[in-house]
Amino acid sequence: INEVVEIETNTQRIHLDSEFWSAADDPRAAAATGQPLNPDRDSYLLTGDNNIIHVQWVVNYAIADPVKYLTNVGDLESAGRLVRIAAEQAIVAFAAGTTADEIYNGLNDGQRESIVRKINQLLDGLQSGLSLVDKGGLSTQSVAPPSSAAPAFRAVTEAEAIHRQAIETAEK
């Protein structure tokens, strides 16, 4: 009462760079050297088709309800931790129900919206006053197959490119 509390209203950004990524600087480079995946060092997503994939994510959020935010969260550091945990939980749940190929080839808008909806549900359940932004609330920054499977992923990608080229040539 009788106190003015300023709240940061700009969009905040969190990078999930290591949560689902290999400890090697670049899993694609590790694949070239044939380094095996080390569970003590490397993080990854386990997909619904029993594969693993490395993904770096970017999460953009803002304070949607200042009263709930001040009452239940209080500062941007705590807000960042809450959003990070909610995003990790929603991403793991999503990956468990989809294939590695779908994630590797890029999420469609419906899949992305599903993850954002789940994150927002988790944040709403905590009455955090936080919410992912409507446009660009979640995006993938980098996607890579595990180093041991990279040659197989490249072979499939090359075969698909040859297939498309053969169809285009036949249509001409």
# chains A, B, ... in the order shown; residues from 1 in each chain; ligands from 1
$ closest_atom_pairs --of "segment 24-106 of chain A" --to "segment 115-119 of chain A" --cutoff "8 Å" --atoms "only C-alpha atoms" --output "Markdown table"
| residue | atom | partner | partner_atom | distance |
| --- | --- | --- | --- | --- |
| A:Val83 | CA | A:Ile119 | CA | 7.8 |
| A:Ala86 | CA | A:Ile119 | CA | 5.4 |
| A:Ala87 | CA | A:Ile119 | CA | 5.6 |
| A:Gln89 | CA | A:Ile119 | CA | 7.9 |
| A:Ala90 | CA | A:Ile119 | CA | 5.8 |
| A:Ile91 | CA | A:Ile115 | CA | 6.5 |
| A:Phe94 | CA | A:Ile115 | CA | 6.7 |
$ select_by_dssp --residues "segment 28-161 of chain A" --states "helix (DSSP H, G or I)" --output "NGL selection string"
:A and (28-33 or 66-72 or 76-96 or 100-104 or 109-125 or 147-161)
$ closest_residue --among "A:Gln12, A:Asn120, A:Thr169, A:Asn51" --to "Gly80 of chain A" --atoms "only C-alpha atoms"
A:Gln12
$ residues_around --residues "segment 123-132 of chain A" --least-positions-apart "3" --cutoff "8 Å" --atoms "only C-alpha atoms" --output "list in words"
Val59, Asn60, Tyr61, Ala62, Ile63, Ala64, Asp65, Pro66, Val67, Lys68, Tyr69, Asn72, Val73, Ala79, Leu82, Val83, Ala86, Val116, Ile119, Asn120, Gly137 and Leu138 of chain A
$ write_last_selection --atoms "N, CA and C atoms" --output "PDB file, in the first residue's frame"
ATOM      1  N   VAL A  59      12.958 -19.551 -25.693  1.00  0.00           N
ATOM      2  CA  VAL A  59      11.641 -19.322 -25.102  1.00  0.00           C
ATOM      3  C   VAL A  59      11.506 -17.826 -24.812  1.00  0.00           C
ATOM      4  N   ASN A  60      10.432 -17.215 -25.307  1.00  0.00           N
ATOM      5  CA  ASN A  60      10.156 -15.795 -25.062  1.00  0.00           C
ATOM      6  C   ASN A  60       8.891 -15.676 -24.221  1.00  0.00           C
ATOM      7  N   TYR A  61       9.022 -14.970 -23.090  1.00  0.00           N
ATOM      8  CA  TYR A  61       7.880 -14.832 -22.199  1.00  0.00           C
ATOM      9  C   TYR A  61       7.766 -13.401 -21.691  1.00  0.00           C
ATOM     10  N   ALA A  62       6.638 -13.110 -21.088  1.00  0.00           N
ATOM     11  CA  ALA A  62       6.399 -11.778 -20.517  1.00  0.00           C
ATOM     12  C   ALA A  62       5.509 -11.932 -19.292  1.00  0.00           C
ATOM     13  N   ILE A  63       5.433 -10.866 -18.526  1.00  0.00           N
ATOM     14  CA  ILE A  63       4.550 -10.836 -17.364  1.00  0.00           C
ATOM     15  C   ILE A  63       3.150 -10.501 -17.871  1.00  0.00           C
ATOM     16  N   ALA A  64       2.237 -11.441 -17.716  1.00  0.00           N
ATOM     17  CA  ALA A  64       0.870 -11.258 -18.206  1.00  0.00           C
ATOM     18  C   ALA A  64      -0.057 -10.711 -17.126  1.00  0.00           C
ATOM     19  N   ASP A  65       0.220 -11.063 -15.879  1.00  0.00           N
ATOM     20  CA  ASP A  65      -0.608 -10.620 -14.758  1.00  0.00           C
ATOM     21  C   ASP A  65       0.317 -10.105 -13.652  1.00  0.00           C
ATOM     22  N   PRO A  66       0.514  -8.787 -13.570  1.00  0.00           N
ATOM     23  CA  PRO A  66       1.465  -8.212 -12.599  1.00  0.00           C
ATOM     24  C   PRO A  66       1.151  -8.554 -11.144  1.00  0.00           C
ATOM     25  N   VAL A  67      -0.117  -8.635 -10.781  1.00  0.00           N
ATOM     26  CA  VAL A  67      -0.467  -8.923  -9.392  1.00  0.00           C
ATOM     27  C   VAL A  67      -0.041 -10.345  -9.021  1.00  0.00           C
ATOM     28  N   LYS A  68      -0.383 -11.330  -9.858  1.00  0.00           N
ATOM     29  CA  LYS A  68       0.036 -12.710  -9.588  1.00  0.00           C
ATOM     30  C   LYS A  68       1.557 -12.816  -9.597  1.00  0.00           C
ATOM     31  N   TYR A  69       2.197 -12.118 -10.542  1.00  0.00           N
ATOM     32  CA  TYR A  69       3.655 -12.143 -10.631  1.00  0.00           C
ATOM     33  C   TYR A  69       4.285 -11.629  -9.335  1.00  0.00           C
ATOM     34  N   ASN A  72       3.371 -14.108  -6.302  1.00  0.00           N
ATOM     35  CA  ASN A  72       3.852 -15.484  -6.302  1.00  0.00           C
ATOM     36  C   ASN A  72       5.255 -15.701  -6.840  1.00  0.00           C
ATOM     37  N   VAL A  73       5.803 -14.733  -7.556  1.00  0.00           N
ATOM     38  CA  VAL A  73       7.135 -14.906  -8.133  1.00  0.00           C
ATOM     39  C   VAL A  73       8.081 -13.845  -7.581  1.00  0.00           C
ATOM     40  N   ALA A  79      11.412 -15.832 -12.052  1.00  0.00           N
ATOM     41  CA  ALA A  79      10.541 -16.011 -13.214  1.00  0.00           C
ATOM     42  C   ALA A  79      11.247 -16.827 -14.283  1.00  0.00           C
ATOM     43  N   LEU A  82      11.300 -20.484 -13.314  1.00  0.00           N
ATOM     44  CA  LEU A  82       9.984 -21.111 -13.491  1.00  0.00           C
ATOM     45  C   LEU A  82       9.698 -21.411 -14.957  1.00  0.00           C
ATOM     46  N   VAL A  83       9.953 -20.433 -15.817  1.00  0.00           N
ATOM     47  CA  VAL A  83       9.691 -20.621 -17.247  1.00  0.00           C
ATOM     48  C   VAL A  83      10.594 -21.716 -17.794  1.00  0.00           C
ATOM     49  N   ALA A  86       9.193 -25.112 -16.631  1.00  0.00           N
ATOM     50  CA  ALA A  86       7.938 -25.416 -17.338  1.00  0.00           C
ATOM     51  C   ALA A  86       8.223 -25.783 -18.798  1.00  0.00           C
ATOM     52  N   VAL A 116       3.619 -24.628 -26.530  1.00  0.00           N
ATOM     53  CA  VAL A 116       3.388 -23.325 -25.889  1.00  0.00           C
ATOM     54  C   VAL A 116       2.172 -23.406 -24.971  1.00  0.00           C
ATOM     55  N   ILE A 119       3.162 -25.223 -21.792  1.00  0.00           N
ATOM     56  CA  ILE A 119       3.987 -24.364 -20.927  1.00  0.00           C
ATOM     57  C   ILE A 119       3.099 -23.346 -20.218  1.00  0.00           C
ATOM     58  N   ASN A 120       2.205 -22.718 -20.965  1.00  0.00           N
ATOM     59  CA  ASN A 120       1.318 -21.720 -20.361  1.00  0.00           C
ATOM     60  C   ASN A 120       0.388 -22.347 -19.320  1.00  0.00           C
ATOM     61  N   GLY A 137       6.811 -17.402 -29.214  1.00  0.00           N
ATOM     62  CA  GLY A 137       7.012 -17.780 -27.824  1.00  0.00           C
ATOM     63  C   GLY A 137       7.990 -18.928 -27.662  1.00  0.00           C
ATOM     64  N   LEU A 138       8.111 -19.765 -28.693  1.00  0.00           N
ATOM     65  CA  LEU A 138       8.998 -20.921 -28.640  1.00  0.00           C
ATOM     66  C   LEU A 138       9.543 -21.186 -30.029  1.00  0.00           C
TER      67      LEU A 138
END
$ residues_around --residues "Ile53 of chain A" --least-positions-apart "2" --cutoff "6 Å" --atoms "only C-alpha atoms" --output "VMD selection string"
chain A and resid 44 to 45 145 to 146
$ closest_residue --among "A:His54, A:Val4, A:Tyr104, A:Ser78" --to "Val156 of chain A" --atoms "only C-alpha atoms"
A:Tyr104
$ closest_residue --among "A:Gln141, A:Ala170, A:Thr9, A:Phe20" --to "Ile52 of chain A" --atoms "only C-alpha atoms"
A:Phe20
$ closest_residue --among "A:Asp109, A:Asp134, A:Glu102, A:Glu88" --to "Leu16 of chain A" --atoms "only C-alpha atoms"
A:Glu88
$ decode --residues "segment 92-158 of chain A" --atoms "C-alpha atoms" --output "PDB file, in the first residue's frame"
ATOM      1  CA  VAL A  92      10.084 -33.573 -22.806  1.00  0.00           C
ATOM      2  CA  ALA A  93       6.380 -34.507 -22.815  1.00  0.00           C
ATOM      3  CA  PHE A  94       6.030 -33.396 -26.437  1.00  0.00           C
ATOM      4  CA  ALA A  95       9.150 -35.266 -27.600  1.00  0.00           C
ATOM      5  CA  ALA A  96       7.919 -38.457 -25.928  1.00  0.00           C
ATOM      6  CA  GLY A  97       4.866 -38.380 -28.195  1.00  0.00           C
ATOM      7  CA  THR A  98       6.524 -37.575 -31.515  1.00  0.00           C
ATOM      8  CA  THR A  99       9.228 -38.970 -33.779  1.00  0.00           C
ATOM      9  CA  ALA A 100      12.821 -37.867 -34.129  1.00  0.00           C
ATOM     10  CA  ASP A 101      12.216 -37.196 -37.836  1.00  0.00           C
ATOM     11  CA  GLU A 102       9.373 -34.771 -37.081  1.00  0.00           C
ATOM     12  CA  ILE A 103      11.581 -32.796 -34.704  1.00  0.00           C
ATOM     13  CA  TYR A 104      14.641 -33.007 -36.972  1.00  0.00           C
ATOM     14  CA  ASN A 105      12.693 -31.780 -40.012  1.00  0.00           C
ATOM     15  CA  GLY A 106      11.159 -28.859 -38.109  1.00  0.00           C
ATOM     16  CA  LEU A 107       8.054 -28.415 -36.012  1.00  0.00           C
ATOM     17  CA  ASN A 108       4.863 -27.290 -37.670  1.00  0.00           C
ATOM     18  CA  ASP A 109       2.766 -24.480 -36.203  1.00  0.00           C
ATOM     19  CA  GLY A 110       0.345 -26.887 -34.535  1.00  0.00           C
ATOM     20  CA  GLN A 111       3.130 -28.749 -32.752  1.00  0.00           C
ATOM     21  CA  ARG A 112       4.743 -25.517 -31.608  1.00  0.00           C
ATOM     22  CA  GLU A 113       1.382 -24.175 -30.373  1.00  0.00           C
ATOM     23  CA  SER A 114       0.800 -27.422 -28.469  1.00  0.00           C
ATOM     24  CA  ILE A 115       4.083 -27.021 -26.573  1.00  0.00           C
ATOM     25  CA  VAL A 116       3.388 -23.325 -25.889  1.00  0.00           C
ATOM     26  CA  ARG A 117      -0.100 -24.197 -24.618  1.00  0.00           C
ATOM     27  CA  LYS A 118       1.366 -26.817 -22.248  1.00  0.00           C
ATOM     28  CA  ILE A 119       3.987 -24.364 -20.927  1.00  0.00           C
ATOM     29  CA  ASN A 120       1.318 -21.720 -20.361  1.00  0.00           C
ATOM     30  CA  GLN A 121      -0.896 -24.271 -18.568  1.00  0.00           C
ATOM     31  CA  LEU A 122       1.974 -25.126 -16.227  1.00  0.00           C
ATOM     32  CA  LEU A 123       2.674 -21.439 -15.552  1.00  0.00           C
ATOM     33  CA  ASP A 124      -1.044 -20.723 -15.018  1.00  0.00           C
ATOM     34  CA  GLY A 125      -1.281 -23.646 -12.587  1.00  0.00           C
ATOM     35  CA  LEU A 126       1.426 -21.991 -10.504  1.00  0.00           C
ATOM     36  CA  GLN A 127      -0.430 -18.659 -10.690  1.00  0.00           C
ATOM     37  CA  SER A 128       2.871 -17.116 -11.761  1.00  0.00           C
ATOM     38  CA  GLY A 129       1.435 -14.282 -13.842  1.00  0.00           C
ATOM     39  CA  LEU A 130       3.857 -15.321 -16.595  1.00  0.00           C
ATOM     40  CA  SER A 131       2.993 -16.353 -20.135  1.00  0.00           C
ATOM     41  CA  LEU A 132       4.813 -17.124 -23.365  1.00  0.00           C
ATOM     42  CA  VAL A 133       4.371 -14.403 -25.965  1.00  0.00           C
ATOM     43  CA  ASP A 134       1.795 -15.038 -28.689  1.00  0.00           C
ATOM     44  CA  LYS A 135       4.109 -14.889 -31.699  1.00  0.00           C
ATOM     45  CA  GLY A 136       7.510 -16.485 -31.357  1.00  0.00           C
ATOM     46  CA  GLY A 137       7.012 -17.780 -27.824  1.00  0.00           C
ATOM     47  CA  LEU A 138       8.998 -20.921 -28.640  1.00  0.00           C
ATOM     48  CA  SER A 139      11.442 -21.726 -31.399  1.00  0.00           C
ATOM     49  CA  THR A 140      14.220 -24.170 -32.128  1.00  0.00           C
ATOM     50  CA  GLN A 141      17.658 -22.689 -32.482  1.00  0.00           C
ATOM     51  CA  SER A 142      19.578 -25.809 -33.542  1.00  0.00           C
ATOM     52  CA  VAL A 143      18.667 -29.441 -34.141  1.00  0.00           C
ATOM     53  CA  ALA A 144      21.140 -32.288 -34.540  1.00  0.00           C
ATOM     54  CA  PRO A 145      20.993 -36.070 -34.497  1.00  0.00           C
ATOM     55  CA  PRO A 146      23.157 -37.938 -32.006  1.00  0.00           C
ATOM     56  CA  SER A 147      26.722 -38.375 -33.210  1.00  0.00           C
ATOM     57  CA  SER A 148      26.391 -42.137 -33.607  1.00  0.00           C
ATOM     58  CA  ALA A 149      23.315 -41.758 -35.838  1.00  0.00           C
ATOM     59  CA  ALA A 150      24.432 -38.714 -37.844  1.00  0.00           C
ATOM     60  CA  PRO A 151      25.624 -40.729 -40.873  1.00  0.00           C
ATOM     61  CA  ALA A 152      22.213 -42.451 -41.093  1.00  0.00           C
ATOM     62  CA  PHE A 153      20.400 -39.096 -40.815  1.00  0.00           C
ATOM     63  CA  ARG A 154      22.605 -37.678 -43.598  1.00  0.00           C
ATOM     64  CA  ALA A 155      21.951 -40.732 -45.789  1.00  0.00           C
ATOM     65  CA  VAL A 156      18.180 -40.336 -45.393  1.00  0.00           C
ATOM     66  CA  THR A 157      18.362 -36.591 -46.121  1.00  0.00           C
ATOM     67  CA  GLU A 158      20.472 -37.229 -49.239  1.00  0.00           C
TER      68      GLU A 158
END
